[in-house]
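Trainee: The structure's right below; bear with me while I get my questions together.
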Amino acid sequence: MLPAVLERVTISRSGWYIGIREGRYPAPVRLSPRRVAWRESDINRLIQQLAAE
């Protein structure tokens with residue numbers, strides 16, 4: 001869920017959604033009509049990419 005993602009990637013909620021819209025951050029996976037999550041592998045890959053910059 002988003003709170004767990006934001007603990008690992010230090011960014012604001014609005015900044016995260018802007019990054020998704022711009023294609024910099026991974027898109028969520030819809031679990032139900034009102035719930036989304038992110039694949040752990042996508043978040044780990046993002047963290048590795050950010051560390052390499």
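So you can find residues: chains in the structure tokens are A, B, ... in the order shown, residues in each start at 1, and ligands are numbered from 1 in order.
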Leaving out range 4-9 of chain A and any residue of its chain fewer than 3 positions from it, which residues lie within 9 Å of it when counting only C-alpha atoms, given as a list in words?
Mentor: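 So the residues in contact are Met1, Ser12, Arg13, Trp16, Ala37, Trp38, Glu40, Ile43, Leu46 and Ile47 of chain A.
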Trainee: Write out as a PDB file with N, CA and C atoms, in the first residue's frame the residues lying within 12 Å of Val36 in chain A, counting only C-alpha atoms and excluding same-chain residues fewer than 2 positions away.
Mentor:
ATOM      1  N   MET A   1       0.827  -1.174   0.000  1.00  0.00           N
ATOM      2  CA  MET A   1       0.000   0.000   0.000  1.00  0.00           C
ATOM      3  C   MET A   1       0.882   1.251   0.000  1.00  0.00           C
ATOM      4  N   LEU A   2       0.312   2.359  -0.305  1.00  0.00           N
ATOM      5  CA  LEU A   2       1.091   3.590  -0.461  1.00  0.00           C
ATOM      6  C   LEU A   2       1.886   3.974   0.782  1.00  0.00           C
ATOM      7  N   PRO A   3       1.347   3.900   1.992  1.00  0.00           N
ATOM      8  CA  PRO A   3       2.170   4.263   3.150  1.00  0.00           C
ATOM      9  C   PRO A   3       3.464   3.439   3.241  1.00  0.00           C
ATOM     10  N   VAL A   5       5.085   2.136   0.712  1.00  0.00           N
ATOM     11  CA  VAL A   5       5.956   2.606  -0.374  1.00  0.00           C
ATOM     12  C   VAL A   5       6.644   3.897   0.046  1.00  0.00           C
ATOM     13  N   ALA A  27       3.518   2.323 -11.874  1.00  0.00           N
ATOM     14  CA  ALA A  27       2.070   2.449 -11.713  1.00  0.00           C
ATOM     15  C   ALA A  27       1.569   1.401 -10.721  1.00  0.00           C
ATOM     16  N   PRO A  28       0.482   1.702 -10.033  1.00  0.00           N
ATOM     17  CA  PRO A  28      -0.067   0.737  -9.086  1.00  0.00           C
ATOM     18  C   PRO A  28      -0.805  -0.398  -9.801  1.00  0.00           C
ATOM     19  N   VAL A  29      -1.022  -1.465  -9.047  1.00  0.00           N
ATOM     20  CA  VAL A  29      -1.807  -2.604  -9.515  1.00  0.00           C
ATOM     21  C   VAL A  29      -3.126  -2.561  -8.753  1.00  0.00           C
ATOM     22  N   ARG A  30      -4.228  -2.566  -9.474  1.00  0.00           N
ATOM     23  CA  ARG A  30      -5.535  -2.491  -8.828  1.00  0.00           C
ATOM     24  C   ARG A  30      -5.886  -3.844  -8.215  1.00  0.00           C
ATOM     25  N   LEU A  31      -6.178  -3.858  -6.911  1.00  0.00           N
ATOM     26  CA  LEU A  31      -6.561  -5.069  -6.202  1.00  0.00           C
ATOM     27  C   LEU A  31      -8.073  -5.226  -6.124  1.00  0.00           C
ATOM     28  N   SER A  32      -8.758  -4.096  -6.047  1.00  0.00           N
ATOM     29  CA  SER A  32     -10.220  -4.068  -6.009  1.00  0.00           C
ATOM     30  C   SER A  32     -10.632  -2.676  -6.481  1.00  0.00           C
ATOM     31  N   PRO A  33     -11.912  -2.408  -6.601  1.00  0.00           N
ATOM     32  CA  PRO A  33     -12.319  -1.081  -7.090  1.00  0.00           C
ATOM     33  C   PRO A  33     -11.788   0.088  -6.257  1.00  0.00           C
ATOM     34  N   ARG A  34     -11.525  -0.148  -4.974  1.00  0.00           N
ATOM     35  CA  ARG A  34     -11.078   0.949  -4.119  1.00  0.00           C
ATOM     36  C   ARG A  34      -9.697   0.738  -3.507  1.00  0.00           C
ATOM     37  N   TRP A  38       1.512  -1.701  -4.963  1.00  0.00           N
ATOM     38  CA  TRP A  38       2.642  -1.707  -5.883  1.00  0.00           C
ATOM     39  C   TRP A  38       3.406  -3.000  -5.699  1.00  0.00           C
ATOM     40  N   ARG A  39       3.918  -3.532  -6.790  1.00  0.00           N
ATOM     41  CA  ARG A  39       4.726  -4.747  -6.718  1.00  0.00           C
ATOM     42  C   ARG A  39       6.036  -4.417  -5.996  1.00  0.00           C
TER      43      ARG A  39
END
Trainee: Could you pull out the helix (DSSP H, G or I) residues of range 2-52 of chain A, going by DSSP on the backbone, and write them as an MDAnalysis selection string?
Mentor: chainID A and resid 2:8 13:22 40:52
Trainee: What is the CA of Pro26 in chain A-CA of Ala51 in chain A distance in Å, reported with one decimal?
Mentor: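 Between CA of Pro26 in chain A and CA of Ala51 in chain A the gap is 16.0 Å.
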Trainee: Hey, which of A:Gly15, A:Tyr25, A:Ile20, A:Thr10 ends up closest to Gln49 in chain A? Count only C-alpha atoms.
Mentor: A:Tyr25
Trainee: For the structure I just gave you, how does DSSP split chain A - specifically, which residues are strand (DSSP E or B)? Reply as a VMD selection string.
Mentor: chain A and resid 29 to 32 35 to 37
